[in-house]
Amino acid sequence: MRPSRVRVLHSLVRSLGLDKEMTVRQARPATEEEMRVFHRSAYLECLKQAPRICGDPLEETALSFQKEFDVPAGSATHDCPLFPEVWSLVASQAGASLACADVLLNGTADVAMNWAGGLHHAASANASGFCFVNDIVLCIKRLLHRYSRVLYIDLDVHHGDGVETAFYGNSRVMTFSIHQFGKGFFPGTGDYCTPQSTNSFAVNCPLPISTGDAAYLLSFRTALTAIVSCYDPEAIVLQCGADTIAGDLIGRLAVTTFTHTQCVADVLGLGLPTVLLGGGGYHVFHTAKCWAIHTATAIGRSASELPMYVPRKDPYYMEHRRESIPLRPTLHVFLDPDVDRPLSWEVSQKYWRQFCLSIRGQMSAAIAIRQKFTRIVQFAKEDADRRKSSLREREEKERAKRPRTSE
Ligand SMILES: [Zn+2]
């Protein structure tokens, strides 16, 4: 993933004047101890040793590290090649997501954002899909210090496999991933639940390629409404991978920034403490525009309050212009009628109906716990009512026994 995305994004945020309406903080890098909450010590040691391993990749220990954790030094073909600066990169990515959790925990913010985070594929002892350290898992684990139930929502075009696996079967974290699925698309997981996954707290909405705005939003809202009413989360972590946006170099959905932002607005509209994180996004300008619009949404700006075009004063304007000659670049990403052909509504509805049929099964563990919880609350309420009425009866009896005093 190109770090230039975040540079372009910061430039856009500043030229739209959004930075003046929020508190911007420089987070400290995460420590090794903080990352050990999820990651294996030996794997973190390998990342820390990256300069030495890259300096002499054929040395015996260096070779065994690369082999054990599948991080070939300097490989041009592997999606997670080891490079000398990897440790400082992952420590700052994770540190910023932990800082987001901290401001929610200490009550200094309701919404916190880290667009350099959202690395949802990393596992406890291996890198995957451009993700070395899973800042999302670390962030959620910290939120669990205070919140009983955290909902994780993944808008990335790829299935959020790393986060789902980390919390699989954990009743305190529900994961929901909506993503492109099928025909060997990475990571290959994220289909509807299987009979083996009945104890999970994971909901997946696999979508076919070319799913358009209306179908995407319908599936998202169907799931969000069902999950929130059943699971009743206390905090939310939302991964906003922008590779879902049409025109991405990897993703093949036909979703615009209007719909992606509407999903973010729906989540923020729940009024719960929320962390917004980045994720995938391989079209640098589309990604930067998408997250700049999300930033505006998070600080309460509606779409009509944003300019139609990228501001001319933006330092990256020339770059944007070069990309979209002869038109002036718009802030939102629209479909390209020559390239993007969204699936027909009839076909999309077929997939949506299939998803609707699956959702109860996918949430069966959460529903069972919810029903048990409701029964316990109901029982406790009935018990309290019973005690109150017997106390009242006793008091009335005692009052009746007491001799009347003449005035
Ligand atoms: Zn992705």
# chains A, B, ... in the order shown; residues from 1 in each chain; ligands from 1
>>> residues_near_ligand(ligand="ligand 1", cutoff="8 Å", atoms="only C-alpha atoms and all ligand atoms", output="PyMOL selection string")
chain A and resi 129+156-159+241-244+250-251+279-281
>>> write_last_selection(atoms="N, CA and C atoms", output="PDB file, in the first residue's frame")
ATOM      1  N   GLY A 129      -1.706  -9.976   2.954  1.00  0.00           N
ATOM      2  CA  GLY A 129      -2.385  -8.914   2.201  1.00  0.00           C
ATOM      3  C   GLY A 129      -1.918  -7.510   2.546  1.00  0.00           C
ATOM      4  N   ASP A 156     -14.142  -2.790   3.625  1.00  0.00           N
ATOM      5  CA  ASP A 156     -13.111  -3.061   2.626  1.00  0.00           C
ATOM      6  C   ASP A 156     -13.649  -4.034   1.574  1.00  0.00           C
ATOM      7  N   VAL A 157     -13.104  -3.957   0.349  1.00  0.00           N
ATOM      8  CA  VAL A 157     -13.579  -4.863  -0.703  1.00  0.00           C
ATOM      9  C   VAL A 157     -13.168  -6.315  -0.418  1.00  0.00           C
ATOM     10  N   HIS A 158     -12.152  -6.476   0.464  1.00  0.00           N
ATOM     11  CA  HIS A 158     -11.709  -7.828   0.850  1.00  0.00           C
ATOM     12  C   HIS A 158     -12.321  -8.227   2.193  1.00  0.00           C
ATOM     13  N   HIS A 159     -12.518  -9.512   2.377  1.00  0.00           N
ATOM     14  CA  HIS A 159     -13.053 -10.015   3.643  1.00  0.00           C
ATOM     15  C   HIS A 159     -12.095  -9.674   4.797  1.00  0.00           C
ATOM     16  N   GLY A 241     -12.093   0.581   4.247  1.00  0.00           N
ATOM     17  CA  GLY A 241     -11.293   0.286   3.058  1.00  0.00           C
ATOM     18  C   GLY A 241     -11.897   0.913   1.802  1.00  0.00           C
ATOM     19  N   ALA A 242     -11.089   1.686   1.068  1.00  0.00           N
ATOM     20  CA  ALA A 242     -11.617   2.416  -0.092  1.00  0.00           C
ATOM     21  C   ALA A 242     -11.411   1.652  -1.400  1.00  0.00           C
ATOM     22  N   ASP A 243     -10.955   0.397  -1.294  1.00  0.00           N
ATOM     23  CA  ASP A 243     -10.842  -0.408  -2.517  1.00  0.00           C
ATOM     24  C   ASP A 243     -12.218  -0.908  -2.969  1.00  0.00           C
ATOM     25  N   THR A 244     -13.250  -0.590  -2.190  1.00  0.00           N
ATOM     26  CA  THR A 244     -14.636  -0.870  -2.571  1.00  0.00           C
ATOM     27  C   THR A 244     -15.104   0.104  -3.660  1.00  0.00           C
ATOM     28  N   ILE A 250      -7.730  -3.027  -7.685  1.00  0.00           N
ATOM     29  CA  ILE A 250      -7.912  -4.436  -7.296  1.00  0.00           C
ATOM     30  C   ILE A 250      -9.399  -4.786  -7.183  1.00  0.00           C
ATOM     31  N   GLY A 251     -10.142  -3.972  -6.446  1.00  0.00           N
ATOM     32  CA  GLY A 251     -11.570  -4.237  -6.242  1.00  0.00           C
ATOM     33  C   GLY A 251     -12.353  -4.088  -7.540  1.00  0.00           C
ATOM     34  N   GLY A 279      -7.714   1.341   5.520  1.00  0.00           N
ATOM     35  CA  GLY A 279      -7.684  -0.038   5.048  1.00  0.00           C
ATOM     36  C   GLY A 279      -7.153  -0.051   3.635  1.00  0.00           C
ATOM     37  N   GLY A 280      -7.731  -0.935   2.793  1.00  0.00           N
ATOM     38  CA  GLY A 280      -7.281  -1.000   1.401  1.00  0.00           C
ATOM     39  C   GLY A 280      -7.676   0.237   0.626  1.00  0.00           C
ATOM     40  N   GLY A 281      -7.212   0.301  -0.611  1.00  0.00           N
ATOM     41  CA  GLY A 281      -7.502   1.457  -1.467  1.00  0.00           C
ATOM     42  C   GLY A 281      -6.311   1.661  -2.365  1.00  0.00           C
TER      43      GLY A 281
END
>>> select_by_dssp(residues="region 212-364 of chain A", states="strand (DSSP E or B)", output="ChimeraX atom specification")
/A:212,235-239,245,254-255,274-277,309,330
>>> write_last_selection(atoms="N, CA and C atoms", output="PDB file, in the first residue's frame")
ATOM      1  N   GLY A 212     -23.620  -2.767  -7.520  1.00  0.00           N
ATOM      2  CA  GLY A 212     -23.737  -1.306  -7.596  1.00  0.00           C
ATOM      3  C   GLY A 212     -24.175  -0.675  -6.278  1.00  0.00           C
ATOM      4  N   ALA A 235     -19.791   0.116  21.549  1.00  0.00           N
ATOM      5  CA  ALA A 235     -18.817   0.912  20.786  1.00  0.00           C
ATOM      6  C   ALA A 235     -18.623   0.234  19.429  1.00  0.00           C
ATOM      7  N   ILE A 236     -18.149   1.026  18.460  1.00  0.00           N
ATOM      8  CA  ILE A 236     -17.998   0.487  17.105  1.00  0.00           C
ATOM      9  C   ILE A 236     -16.611   0.822  16.553  1.00  0.00           C
ATOM     10  N   VAL A 237     -16.029  -0.137  15.847  1.00  0.00           N
ATOM     11  CA  VAL A 237     -14.809   0.116  15.070  1.00  0.00           C
ATOM     12  C   VAL A 237     -15.177  -0.128  13.613  1.00  0.00           C
ATOM     13  N   LEU A 238     -14.989   0.901  12.794  1.00  0.00           N
ATOM     14  CA  LEU A 238     -15.411   0.817  11.393  1.00  0.00           C
ATOM     15  C   LEU A 238     -14.198   0.932  10.475  1.00  0.00           C
ATOM     16  N   GLN A 239     -13.920  -0.154   9.748  1.00  0.00           N
ATOM     17  CA  GLN A 239     -12.811  -0.145   8.786  1.00  0.00           C
ATOM     18  C   GLN A 239     -13.385   0.323   7.459  1.00  0.00           C
ATOM     19  N   ILE A 245     -14.440   1.267  -3.723  1.00  0.00           N
ATOM     20  CA  ILE A 245     -14.885   2.328  -4.638  1.00  0.00           C
ATOM     21  C   ILE A 245     -14.573   1.954  -6.095  1.00  0.00           C
ATOM     22  N   ALA A 254     -18.990  -1.710  -8.135  1.00  0.00           N
ATOM     23  CA  ALA A 254     -19.371  -0.459  -8.803  1.00  0.00           C
ATOM     24  C   ALA A 254     -20.025   0.472  -7.782  1.00  0.00           C
ATOM     25  N   VAL A 255     -19.280   0.731  -6.707  1.00  0.00           N
ATOM     26  CA  VAL A 255     -19.796   1.542  -5.593  1.00  0.00           C
ATOM     27  C   VAL A 255     -19.137   2.925  -5.644  1.00  0.00           C
ATOM     28  N   THR A 274     -17.185   5.732  18.372  1.00  0.00           N
ATOM     29  CA  THR A 274     -16.780   5.047  17.137  1.00  0.00           C
ATOM     30  C   THR A 274     -15.342   5.384  16.733  1.00  0.00           C
ATOM     31  N   VAL A 275     -14.616   4.357  16.312  1.00  0.00           N
ATOM     32  CA  VAL A 275     -13.275   4.557  15.731  1.00  0.00           C
ATOM     33  C   VAL A 275     -13.396   4.295  14.236  1.00  0.00           C
ATOM     34  N   LEU A 276     -12.933   5.249  13.430  1.00  0.00           N
ATOM     35  CA  LEU A 276     -12.911   5.067  11.976  1.00  0.00           C
ATOM     36  C   LEU A 276     -11.471   4.785  11.556  1.00  0.00           C
ATOM     37  N   LEU A 277     -11.297   3.719  10.786  1.00  0.00           N
ATOM     38  CA  LEU A 277      -9.956   3.359  10.330  1.00  0.00           C
ATOM     39  C   LEU A 277      -9.926   3.249   8.813  1.00  0.00           C
ATOM     40  N   TYR A 309     -15.840  20.253  -6.452  1.00  0.00           N
ATOM     41  CA  TYR A 309     -14.525  19.920  -7.011  1.00  0.00           C
ATOM     42  C   TYR A 309     -13.427  19.959  -5.943  1.00  0.00           C
ATOM     43  N   THR A 330     -13.578  16.076  -9.610  1.00  0.00           N
ATOM     44  CA  THR A 330     -14.655  16.233  -8.623  1.00  0.00           C
ATOM     45  C   THR A 330     -14.181  15.646  -7.299  1.00  0.00           C
TER      46      THR A 330
END
>>> closest_residue(among="A:Leu391, A:Ile136, A:Thr261, A:Phe65", to="Ala296 (chain A)", atoms="only C-alpha atoms")
A:Thr261
>>> residues_around(residues="Val163 (chain A)", least_positions_apart="6", cutoff="12 Å", atoms="only C-alpha atoms", output="VMD selection string")
chain A and resid 38 118 to 124 131 133 to 141 151 to 154 169 to 170 173 to 177 190 201 to 202 237 to 239
>>> write_last_selection(atoms="C-alpha atoms", output="mmCIF file, in the first residue's frame")
data_model
loop_
_atom_site.group_PDB
_atom_site.id
_atom_site.type_symbol
_atom_site.label_atom_id
_atom_site.label_comp_id
_atom_site.auth_asym_id
_atom_site.auth_seq_id
_atom_site.Cartn_x
_atom_site.Cartn_y
_atom_site.Cartn_z
ATOM 1 C CA PHE A 38 -2.337 -9.983 20.067
ATOM 2 C CA GLY A 118 -7.286 -0.673 9.233
ATOM 3 C CA LEU A 119 -4.833 -3.501 8.462
ATOM 4 C CA HIS A 120 -7.396 -6.248 8.754
ATOM 5 C CA HIS A 121 -5.563 -9.266 7.256
ATOM 6 C CA ALA A 122 -2.629 -9.588 9.688
ATOM 7 C CA ALA A 123 -2.736 -12.666 11.948
ATOM 8 C CA SER A 124 -1.039 -13.126 15.308
ATOM 9 C CA CYS A 131 -0.766 -6.088 6.583
ATOM 10 C CA VAL A 133 0.391 -5.904 12.373
ATOM 11 C CA ASN A 134 -3.339 -5.941 13.036
ATOM 12 C CA ASP A 135 -3.972 -2.504 14.536
ATOM 13 C CA ILE A 136 -7.740 -3.205 14.479
ATOM 14 C CA VAL A 137 -7.505 -6.195 16.821
ATOM 15 C CA LEU A 138 -5.262 -4.180 19.161
ATOM 16 C CA CYS A 139 -7.720 -1.272 19.108
ATOM 17 C CA ILE A 140 -10.747 -3.520 19.818
ATOM 18 C CA LYS A 141 -8.917 -5.347 22.617
ATOM 19 C CA LEU A 151 -19.135 -4.181 16.930
ATOM 20 C CA TYR A 152 -16.535 -4.335 14.166
ATOM 21 C CA ILE A 153 -17.716 -3.348 10.679
ATOM 22 C CA ASP A 154 -15.512 -3.901 7.630
ATOM 23 C CA GLY A 169 -16.611 -17.234 19.014
ATOM 24 C CA ASN A 170 -15.948 -14.308 21.384
ATOM 25 C CA VAL A 173 -16.995 -8.772 19.700
ATOM 26 C CA MET A 174 -19.318 -9.112 16.742
ATOM 27 C CA THR A 175 -17.722 -8.770 13.309
ATOM 28 C CA PHE A 176 -19.540 -7.820 10.131
ATOM 29 C CA SER A 177 -17.740 -7.780 6.797
ATOM 30 C CA GLY A 190 -16.031 -14.637 3.942
ATOM 31 C CA PHE A 201 -20.199 -13.883 16.263
ATOM 32 C CA ALA A 202 -19.332 -13.168 12.658
ATOM 33 C CA VAL A 237 -14.809 0.116 15.070
ATOM 34 C CA LEU A 238 -15.411 0.817 11.393
ATOM 35 C CA GLN A 239 -12.811 -0.145 8.786
#
>>> residues_around(residues="region 51-62 of chain A", least_positions_apart="3", cutoff="9 Å", atoms="only C-alpha atoms", output="VMD selection string")
chain A and resid 46 to 48 65 to 67 72 to 74 82 to 86
>>> write_last_selection(atoms="N, CA and C atoms", output="short mmCIF file (atom, residue, chain, number, x, y, z; two decimals), in the first residue's frame")
data_model
loop_
_atom_site.label_atom_id
_atom_site.label_comp_id
_atom_site.auth_asym_id
_atom_site.auth_seq_id
_atom_site.Cartn_x
_atom_site.Cartn_y
_atom_site.Cartn_z
N CYS A 46 10.95 -10.85 14.77
CA CYS A 46 11.33 -10.92 13.35
C CYS A 46 11.17 -9.53 12.70
N LEU A 47 10.06 -8.85 12.99
CA LEU A 47 9.83 -7.52 12.41
C LEU A 47 10.86 -6.52 12.94
N LYS A 48 11.20 -6.67 14.23
CA LYS A 48 12.18 -5.76 14.83
C LYS A 48 13.57 -5.97 14.23
N PHE A 65 13.87 -16.97 10.16
CA PHE A 65 12.81 -15.97 10.43
C PHE A 65 11.91 -15.80 9.20
N GLN A 66 12.55 -15.61 8.04
CA GLN A 66 11.78 -15.36 6.81
C GLN A 66 10.88 -16.54 6.48
N LYS A 67 11.44 -17.75 6.71
CA LYS A 67 10.69 -18.96 6.38
C LYS A 67 9.53 -19.17 7.36
N PRO A 72 9.52 -12.94 2.99
CA PRO A 72 10.80 -12.91 2.28
C PRO A 72 11.35 -11.49 2.15
N ALA A 73 12.62 -11.33 2.55
CA ALA A 73 13.22 -9.98 2.54
C ALA A 73 13.34 -9.46 1.11
N GLY A 74 12.82 -8.26 0.91
CA GLY A 74 12.99 -7.56 -0.37
C GLY A 74 12.34 -8.21 -1.58
N LEU A 82 9.64 -8.37 3.62
CA LEU A 82 10.26 -7.68 4.76
C LEU A 82 11.12 -6.54 4.24
N PHE A 83 11.05 -5.38 4.89
CA PHE A 83 11.91 -4.26 4.50
C PHE A 83 12.43 -3.59 5.78
N PRO A 84 13.58 -2.91 5.70
CA PRO A 84 14.24 -2.45 6.93
C PRO A 84 13.38 -1.56 7.83
N GLU A 85 12.49 -0.75 7.26
CA GLU A 85 11.74 0.22 8.09
C GLU A 85 10.40 -0.35 8.59
N VAL A 86 10.19 -1.66 8.43
CA VAL A 86 8.86 -2.22 8.74
C VAL A 86 8.44 -1.96 10.19
#
>>> residues_around(residues="region 364-378 of chain A", least_positions_apart="5", cutoff="8 Å", atoms="only C-alpha atoms", output="ChimeraX atom specification")
/A:171,198-201,230-231
